[in-house]
Amino acid sequence: MTPAEIDVLRALRPGDAQLLLAEIEAELGRRRLDFYVPSAKQAQFHKLGRTKRQRLLIAGNQLGKTLSAGAETAMHMTGRYPNWWEGNVFDKATVGWVAGVTNDALRDGVQRMLFGRTDKELRGFGTGMIPADALTEKPSWRIGVNDVIDTAVVRHGGGGDIQAGHSLVTQKTYEQGRKKFQADTLDWVWLDEEPPHDIYQESLTRTNATLGPIYTTFTPLMGYTEVVGMFLKTPSPDMAHVRMTIMDVDHYSEEQKRAIISSYPAHEREARTLGKPAVGQGRIFPLAFEQIACEPFPIPSHWVNILGMDIGGDHPTAFVWLAWDRDTDTLYVVATYRQGKDADGKLTSISTHARSVKHWGGTDSRGHQWIPVAWPHDGSQVADRSGKNNQTYADLYAAEGLNMLPHLARYPDNPDGTVGGHGLEAGVSELYDRMLSGRFKVFKHLTDFREEFEMYHRKDGVIVDAFDDILSATRYATMMRRYATEKPRETRKTYDRAPSGNWRTA
């Protein structure tokens with residue numbers, strides 16, 4: 001502050017000072033976008049817009065997900081991008097949609113963030129993320145609904161490299177249904193709170209002509225839905241997600257964070273504070289990961305080893321390496337791998353999967369994997385559906401140098417001579433029993449195992465078959481541990497060290 005400004009303030013009477021302070025606060029309210037500074041996770045979300053068309057900011061409640069998307073939306077409509085901006089940029093006026101669950105949620109969330117707390121008298125209009133001087137026209141209002149904006153015109157650019165024009169934004173709700181999300185061409189879409197899958201797909205279609213961004217922000221209270229699965233399990237090359245937890249924000253003190261976390265019911269706590277899809281009270285392994293985690297260590301040469309695999313297709317292919325201490329009957333997850341589609345959106349080849357895991361523990365003199373591989377029933381299916389080649393998936397992996405076991409994963413034969421089963425519930429029950437008794441441990445750096453472990457759940461009493469590729473591979477290896485083998489002496493030297501790193505391929 002300059003000396004002249006200080007003299008002006010000294011000359012103010014008490015009433016004048018209050019009026020000046022009120023005017024300053026009002027002016028700040030009309031320029032909220034100028035003062036937006038993203039957190040590290042919010043900045044990561046914005047930056048992904050440069051390279052990813054579809055983005056998800058999955059976060060806990062009241063952590064700033066609507067704030068960040070509101071700021072980005074205001075930038076796309078006004079062309080006012082700050083110097084630090086690294087995300088997607090529009091150099092012309094845009095047409096876009098914002099959407100929420102209901103009219104009330106839309107008014108109190110997205111509309112408040114963009115335009116301020118406003119009503120049809122326009123009180124408070126212009127105190128949101130869109131600067132007041134860009135709102136030069138009155139909005140149109142939703143018919144038959146209290147104080148919900150239908151469409152608004154926003155002044156775009158007008159200086160420097162940004163062309164002058166007028167952007168148009170329309171507000172929609174999921175309760176209107178899929179048909180209300182048809183028949184328009186858009187530059188961008190912001191979906192606040194989780195949309196139904198059909199509405200997400202319709203919204204994405206609206207930007208196909210422009211290849212514009214569609215960004216979604218929500219707390220995953222509905223659990224592992226189809227929309228969540230698209231981003232977390234089988235994302236296409238143009239998709240990305242950022243998860244923001246209460247630990248990633250600085251607008252709460254540590255004491256406040258603890259109080260907020262403890263205020264939620266246990267079955268909602270992780271979704272509301274950590275942005276993890278809620279699994280309610282149906283979580284299959286209701287344990288903290290720390291209870292089964294351990295530090296990596298060199299695997300003793302007398303322990304036996306086995307790999308388990310889950311064959312992909314419409315989901316990723318996964319491998320798990322288990323080391324078995326037979327003296328204590330404890331299984332250790334030593335390494336994991338999960339890979340779906342490559343950077344071009346194509347299914348990763350069998351040879352790529354095999355090369356990624358063949359080095360685990362070293363290879364024999366022929367360059368082949370020595371650890372036996374347990375595989376599921378679909379490994380016996382013929383891979384070439386054209387009928388030109390009768391090789392099964394197990395055959396193809398064996399040809400790539402993996403030590404595939406001679407038959408699919410199953411429990412030992414029954415005393416009456418019947419073939420052992422391979423039931424899902426039996427496998428899950430055995431894993432849980434081992435976890436509770438301390439006979440199942442996971443190297444703590446294997447974050448992909450942790451992700452699946454924490455999301456594995458039931459719905460209506462049935463195990464949800466989603467995001468469980470590594471866990472399935474673990475079940476198969478556990479089921480076939482009777483075939484586990486020691487490290488051959490010819491390769492033992494390369495094996496007697498602690499495995500390091502996470503073998504997962506993104």
# chains A, B, ... in the order shown; residues from 1 in each chain; ligands from 1
call {"tool": "residues_around", "arguments": {"residues": "Asn403 in chain A", "least_positions_apart": "5", "cutoff": "10 Å", "atoms": "only C-alpha atoms", "output": "list in words"}}
result
Ile306, Leu307, Lys358, His368, Gln369, Trp370, Ile371, Pro372, Val373, Ala374, Ala394, Tyr397 and Ala398 of chain A
call {"tool": "write_last_selection", "arguments": {"atoms": "all heavy atoms", "output": "compact mmCIF listing (two decimals), in the first residue's frame"}}
result
# COMPACT_ATOMS: atom_id res chain seq x y z
N ILE A 306 4.44 -69.87 -6.99
CA ILE A 306 3.46 -70.13 -8.02
C ILE A 306 2.90 -68.81 -8.52
O ILE A 306 2.82 -67.83 -7.75
CB ILE A 306 2.32 -71.05 -7.52
CG1 ILE A 306 1.43 -71.50 -8.69
CG2 ILE A 306 1.50 -70.37 -6.42
CD1 ILE A 306 0.49 -72.63 -8.33
N LEU A 307 2.55 -68.75 -9.81
CA LEU A 307 1.89 -67.59 -10.38
C LEU A 307 0.42 -67.92 -10.60
O LEU A 307 0.07 -69.05 -10.90
CB LEU A 307 2.50 -67.18 -11.72
CG LEU A 307 3.98 -66.85 -11.79
CD1 LEU A 307 4.33 -66.29 -13.17
CD2 LEU A 307 4.39 -65.87 -10.71
N LYS A 358 7.56 -62.75 -17.42
CA LYS A 358 8.45 -63.90 -17.58
C LYS A 358 9.75 -63.74 -16.80
O LYS A 358 10.38 -64.72 -16.40
CB LYS A 358 8.74 -64.14 -19.07
CG LYS A 358 9.39 -65.48 -19.35
CD LYS A 358 9.30 -65.86 -20.82
CE LYS A 358 10.03 -64.90 -21.73
NZ LYS A 358 10.07 -65.39 -23.12
N HIS A 368 12.87 -69.68 -20.49
CA HIS A 368 11.47 -69.89 -20.12
C HIS A 368 11.25 -69.59 -18.64
O HIS A 368 12.17 -69.71 -17.83
CB HIS A 368 11.04 -71.32 -20.42
CG HIS A 368 10.91 -71.61 -21.87
ND1 HIS A 368 10.37 -72.78 -22.36
CD2 HIS A 368 11.23 -70.88 -22.97
CE1 HIS A 368 10.37 -72.77 -23.68
NE2 HIS A 368 10.91 -71.62 -24.07
N GLN A 369 10.04 -69.23 -18.30
CA GLN A 369 9.66 -69.02 -16.92
C GLN A 369 9.64 -70.35 -16.18
O GLN A 369 9.13 -71.34 -16.70
CB GLN A 369 8.27 -68.37 -16.87
CG GLN A 369 7.66 -68.26 -15.50
CD GLN A 369 8.44 -67.35 -14.57
OE1 GLN A 369 9.30 -67.82 -13.83
NE2 GLN A 369 8.18 -66.07 -14.64
N TRP A 370 10.20 -70.40 -14.97
CA TRP A 370 10.23 -71.65 -14.22
C TRP A 370 9.07 -71.79 -13.24
O TRP A 370 8.73 -72.89 -12.80
CB TRP A 370 11.55 -71.79 -13.46
CG TRP A 370 11.78 -70.67 -12.47
CD1 TRP A 370 12.37 -69.48 -12.74
CD2 TRP A 370 11.38 -70.64 -11.11
NE1 TRP A 370 12.39 -68.69 -11.62
CE2 TRP A 370 11.79 -69.38 -10.59
CE3 TRP A 370 10.74 -71.53 -10.25
CZ2 TRP A 370 11.56 -69.01 -9.28
CZ3 TRP A 370 10.51 -71.16 -8.93
CH2 TRP A 370 10.92 -69.91 -8.45
N ILE A 371 8.45 -70.66 -12.86
CA ILE A 371 7.38 -70.72 -11.86
C ILE A 371 6.10 -71.24 -12.53
O ILE A 371 5.68 -70.72 -13.56
CB ILE A 371 7.11 -69.33 -11.26
CG1 ILE A 371 8.41 -68.69 -10.74
CG2 ILE A 371 6.10 -69.43 -10.12
CD1 ILE A 371 8.22 -67.30 -10.17
N PRO A 372 5.46 -72.25 -11.97
CA PRO A 372 4.21 -72.74 -12.56
C PRO A 372 3.13 -71.65 -12.56
O PRO A 372 3.07 -70.82 -11.65
CB PRO A 372 3.81 -73.90 -11.63
CG PRO A 372 5.06 -74.26 -10.90
CD PRO A 372 5.85 -73.00 -10.78
N VAL A 373 2.27 -71.68 -13.56
CA VAL A 373 1.21 -70.68 -13.71
C VAL A 373 -0.15 -71.36 -13.61
O VAL A 373 -0.47 -72.25 -14.39
CB VAL A 373 1.31 -69.94 -15.06
CG1 VAL A 373 0.21 -68.89 -15.17
CG2 VAL A 373 2.69 -69.30 -15.23
N ALA A 374 -0.95 -70.93 -12.63
CA ALA A 374 -2.32 -71.41 -12.49
C ALA A 374 -3.23 -70.51 -13.32
O ALA A 374 -3.10 -69.29 -13.29
CB ALA A 374 -2.74 -71.38 -11.02
N ALA A 394 -4.20 -70.99 -23.04
CA ALA A 394 -3.12 -71.61 -22.28
C ALA A 394 -1.98 -72.05 -23.20
O ALA A 394 -0.80 -71.89 -22.87
CB ALA A 394 -3.66 -72.79 -21.48
N TYR A 397 0.06 -68.92 -24.26
CA TYR A 397 0.96 -68.42 -23.21
C TYR A 397 2.14 -69.37 -23.00
O TYR A 397 3.27 -68.94 -22.75
CB TYR A 397 0.19 -68.22 -21.91
CG TYR A 397 -0.53 -66.89 -21.84
CD1 TYR A 397 -1.89 -66.80 -22.08
CD2 TYR A 397 0.18 -65.72 -21.55
CE1 TYR A 397 -2.56 -65.58 -22.03
CE2 TYR A 397 -0.47 -64.49 -21.50
CZ TYR A 397 -1.84 -64.42 -21.74
OH TYR A 397 -2.48 -63.21 -21.70
N ALA A 398 1.89 -70.67 -23.13
CA ALA A 398 2.98 -71.63 -23.02
C ALA A 398 3.99 -71.42 -24.15
O ALA A 398 5.21 -71.53 -23.94
CB ALA A 398 2.43 -73.06 -23.05
call {"tool": "residues_around", "arguments": {"residues": "Ser167 in chain A", "least_positions_apart": "5", "cutoff": "6 Å", "atoms": "only C-alpha atoms", "output": "count of residues only"}}
result
6
call {"tool": "atom_distance", "arguments": {"atom1": "CA of Gly308 in chain A", "atom2": "CA of Gly417 in chain A"}}
result
25.2 Å
call {"tool": "closest_residue", "arguments": {"among": "A:Gln291, A:Thr447, A:Gln44, A:Thr205", "to": "Met244 in chain A", "atoms": "only C-alpha atoms"}}
result
A:Gln44
call {"tool": "closest_residue", "arguments": {"among": "A:Arg243, A:Thr392, A:Gln176, A:Ala399", "to": "Glu270 in chain A", "atoms": "only C-alpha atoms"}}
result
A:Arg243
call {"tool": "residues_around", "arguments": {"residues": "Thr136 in chain A", "least_positions_apart": "5", "cutoff": "12 Å", "atoms": "only C-alpha atoms", "output": "PyMOL selection string"}}
result
chain A and resi 78+125-126+130-131+152-156+165-167
call {"tool": "select_by_dssp", "arguments": {"residues": "range 342-485 of chain A", "states": "helix (DSSP H, G or I)", "output": "JSON, numbers by chain"}}
result
{"A": [350, 351, 352, 353, 354, 355, 356, 357, 358, 377, 378, 379, 380, 393, 394, 395, 396, 397, 398, 399, 424, 425, 426, 427, 428, 429, 430, 431, 432, 433, 434, 435, 436, 437, 447, 448, 449, 450, 451, 452, 453, 454, 455, 469, 470, 471, 472, 473, 474, 475, 476, 477, 478, 479, 481, 482, 483]}
call {"tool": "select_by_dssp", "arguments": {"residues": "range 67-244 of chain A", "states": "strand (DSSP E or B)", "output": "JSON, numbers by chain"}}
result
{"A": [95, 96, 97, 98, 99, 100, 140, 141, 149, 150, 151, 152, 153, 154, 155, 156, 159, 162, 165, 166, 167, 168, 169, 170, 171, 172, 173, 188, 189, 190, 191, 192, 214, 215, 216, 217, 218, 239, 240, 241, 242, 243, 244]}
call {"tool": "atom_distance", "arguments": {"atom1": "CA of Arg439 in chain A", "atom2": "CA of Ile299 in chain A"}}
result
15.8 Å
call {"tool": "atom_distance", "arguments": {"atom1": "CA of Asn208 in chain A", "atom2": "CA of Leu186 in chain A"}}
result
8.3 Å
call {"tool": "closest_residue", "arguments": {"among": "A:Gln62, A:Val320, A:Met455, A:Thr151", "to": "Val249 in chain A", "atoms": "only C-alpha atoms"}}
result
A:Gln62
call {"tool": "residues_around", "arguments": {"residues": "Cys294 in chain A", "least_positions_apart": "4", "cutoff": "7 Å", "atoms": "only C-alpha atoms", "output": "ChimeraX atom specification"}}
result
/A:441-444
call {"tool": "closest_residue", "arguments": {"among": "A:Thr478, A:Gln391, A:Thr485, A:Asn414", "to": "Tyr432 in chain A", "atoms": "only C-alpha atoms"}}
result
A:Thr478
call {"tool": "residues_around", "arguments": {"residues": "Thr328 in chain A", "least_positions_apart": "2", "cutoff": "12 Å", "atoms": "only C-alpha atoms", "output": "VMD selection string"}}
result
chain A and resid 303 324 to 326 330 to 332 434 437 to 440
call {"tool": "closest_residue", "arguments": {"among": "A:Met239, A:Leu221, A:Ala183, A:Ala99", "to": "Gln54 in chain A", "atoms": "only C-alpha atoms"}}
result
A:Met239
call {"tool": "decode", "arguments": {"residues": "range 252-268 of chain A", "atoms": "all heavy atoms", "output": "short mmCIF file (atom, residue, chain, number, x, y, z; two decimals), in the first residue's frame"}}
result
data_model
loop_
_atom_site.label_atom_id
_atom_site.label_comp_id
_atom_site.auth_asym_id
_atom_site.auth_seq_id
_atom_site.Cartn_x
_atom_site.Cartn_y
_atom_site.Cartn_z
N TYR A 252 -8.79 -27.29 5.53
CA TYR A 252 -9.15 -27.82 6.84
C TYR A 252 -7.88 -28.03 7.66
O TYR A 252 -6.85 -28.45 7.13
CB TYR A 252 -9.86 -29.18 6.71
CG TYR A 252 -11.20 -29.15 6.03
CD1 TYR A 252 -11.46 -29.97 4.92
CD2 TYR A 252 -12.24 -28.34 6.49
CE1 TYR A 252 -12.70 -29.97 4.30
CE2 TYR A 252 -13.48 -28.32 5.86
CZ TYR A 252 -13.70 -29.13 4.77
OH TYR A 252 -14.93 -29.12 4.14
N SER A 253 -7.96 -27.74 8.96
CA SER A 253 -6.84 -28.04 9.84
C SER A 253 -6.81 -29.54 10.10
O SER A 253 -7.79 -30.26 9.82
CB SER A 253 -7.00 -27.30 11.17
OG SER A 253 -8.12 -27.81 11.89
N GLU A 254 -5.71 -30.04 10.64
CA GLU A 254 -5.61 -31.47 10.94
C GLU A 254 -6.69 -31.89 11.93
O GLU A 254 -7.27 -32.97 11.83
CB GLU A 254 -4.21 -31.80 11.49
CG GLU A 254 -3.10 -31.64 10.47
CD GLU A 254 -3.33 -32.49 9.23
OE1 GLU A 254 -3.68 -33.68 9.38
OE2 GLU A 254 -3.16 -31.97 8.11
N GLU A 255 -6.97 -31.03 12.89
CA GLU A 255 -8.01 -31.33 13.87
C GLU A 255 -9.39 -31.40 13.21
O GLU A 255 -10.19 -32.29 13.51
CB GLU A 255 -8.02 -30.27 14.97
CG GLU A 255 -9.02 -30.54 16.08
CD GLU A 255 -8.97 -29.49 17.17
OE1 GLU A 255 -8.09 -28.61 17.13
OE2 GLU A 255 -9.82 -29.57 18.09
N GLN A 256 -9.64 -30.47 12.28
CA GLN A 256 -10.91 -30.49 11.57
C GLN A 256 -11.04 -31.74 10.70
O GLN A 256 -12.12 -32.33 10.61
CB GLN A 256 -11.04 -29.23 10.71
CG GLN A 256 -11.26 -27.96 11.51
CD GLN A 256 -11.20 -26.72 10.63
OE1 GLN A 256 -10.42 -26.65 9.67
NE2 GLN A 256 -12.03 -25.73 10.95
N LYS A 257 -9.96 -32.15 10.07
CA LYS A 257 -9.99 -33.35 9.23
C LYS A 257 -10.36 -34.57 10.07
O LYS A 257 -11.18 -35.39 9.66
CB LYS A 257 -8.64 -33.56 8.54
CG LYS A 257 -8.32 -32.55 7.46
CD LYS A 257 -6.93 -32.78 6.89
CE LYS A 257 -6.59 -31.72 5.84
NZ LYS A 257 -5.23 -31.89 5.29
N ARG A 258 -9.75 -34.70 11.23
CA ARG A 258 -10.06 -35.85 12.09
C ARG A 258 -11.52 -35.82 12.52
O ARG A 258 -12.20 -36.87 12.57
CB ARG A 258 -9.14 -35.84 13.31
CG ARG A 258 -7.68 -36.21 13.00
CD ARG A 258 -6.91 -36.48 14.27
NE ARG A 258 -6.77 -35.27 15.08
CZ ARG A 258 -5.76 -34.40 14.98
NH1 ARG A 258 -4.79 -34.63 14.10
NH2 ARG A 258 -5.69 -33.34 15.74
N ALA A 259 -12.02 -34.63 12.84
CA ALA A 259 -13.41 -34.52 13.27
C ALA A 259 -14.37 -34.87 12.14
O ALA A 259 -15.38 -35.55 12.34
CB ALA A 259 -13.69 -33.10 13.77
N ILE A 260 -14.05 -34.42 10.92
CA ILE A 260 -14.91 -34.71 9.76
C ILE A 260 -14.92 -36.21 9.47
O ILE A 260 -15.98 -36.81 9.25
CB ILE A 260 -14.43 -33.92 8.54
CG1 ILE A 260 -14.69 -32.41 8.74
CG2 ILE A 260 -15.11 -34.41 7.26
CD1 ILE A 260 -14.04 -31.54 7.70
N ILE A 261 -13.75 -36.83 9.49
CA ILE A 261 -13.65 -38.26 9.19
C ILE A 261 -14.47 -39.07 10.19
O ILE A 261 -15.22 -39.98 9.83
CB ILE A 261 -12.18 -38.71 9.20
CG1 ILE A 261 -11.43 -38.09 8.00
CG2 ILE A 261 -12.08 -40.23 9.16
CD1 ILE A 261 -9.94 -38.31 8.03
N SER A 262 -14.36 -38.71 11.46
CA SER A 262 -15.06 -39.49 12.50
C SER A 262 -16.56 -39.24 12.50
O SER A 262 -17.32 -40.02 13.08
CB SER A 262 -14.49 -39.15 13.88
OG SER A 262 -14.71 -37.78 14.20
N SER A 263 -17.02 -38.17 11.83
CA SER A 263 -18.44 -37.84 11.85
C SER A 263 -19.27 -38.71 10.92
O SER A 263 -20.49 -38.77 11.04
CB SER A 263 -18.65 -36.36 11.47
OG SER A 263 -18.34 -36.13 10.10
N TYR A 264 -18.63 -39.39 9.95
CA TYR A 264 -19.37 -40.19 8.98
C TYR A 264 -19.52 -41.64 9.45
O TYR A 264 -18.65 -42.17 10.15
CB TYR A 264 -18.64 -40.19 7.63
CG TYR A 264 -18.64 -38.85 6.94
CD1 TYR A 264 -17.44 -38.20 6.63
CD2 TYR A 264 -19.82 -38.23 6.57
CE1 TYR A 264 -17.43 -36.97 5.99
CE2 TYR A 264 -19.83 -37.00 5.93
CZ TYR A 264 -18.63 -36.38 5.64
OH TYR A 264 -18.63 -35.17 5.01
N PRO A 265 -20.61 -42.31 9.06
CA PRO A 265 -20.74 -43.74 9.36
C PRO A 265 -19.58 -44.50 8.75
O PRO A 265 -19.04 -44.13 7.69
CB PRO A 265 -22.06 -44.12 8.69
CG PRO A 265 -22.80 -42.84 8.52
CD PRO A 265 -21.76 -41.78 8.32
N ALA A 266 -19.18 -45.58 9.41
CA ALA A 266 -17.99 -46.32 8.96
C ALA A 266 -18.09 -46.76 7.52
O ALA A 266 -17.11 -46.70 6.77
CB ALA A 266 -17.78 -47.53 9.87
N HIS A 267 -19.30 -47.20 7.06
CA HIS A 267 -19.41 -47.73 5.71
C HIS A 267 -19.43 -46.63 4.65
O HIS A 267 -19.35 -46.92 3.45
CB HIS A 267 -20.65 -48.61 5.57
CG HIS A 267 -21.95 -47.89 5.76
ND1 HIS A 267 -22.44 -47.56 7.00
CD2 HIS A 267 -22.86 -47.42 4.87
CE1 HIS A 267 -23.60 -46.93 6.86
NE2 HIS A 267 -23.87 -46.84 5.57
N GLU A 268 -19.53 -45.34 5.05
CA GLU A 268 -19.49 -44.23 4.10
C GLU A 268 -18.20 -43.43 4.22
O GLU A 268 -17.95 -42.54 3.40
CB GLU A 268 -20.67 -43.29 4.32
CG GLU A 268 -22.02 -43.88 3.99
CD GLU A 268 -23.13 -42.86 4.13
OE1 GLU A 268 -22.85 -41.73 4.59
OE2 GLU A 268 -24.27 -43.18 3.77
#
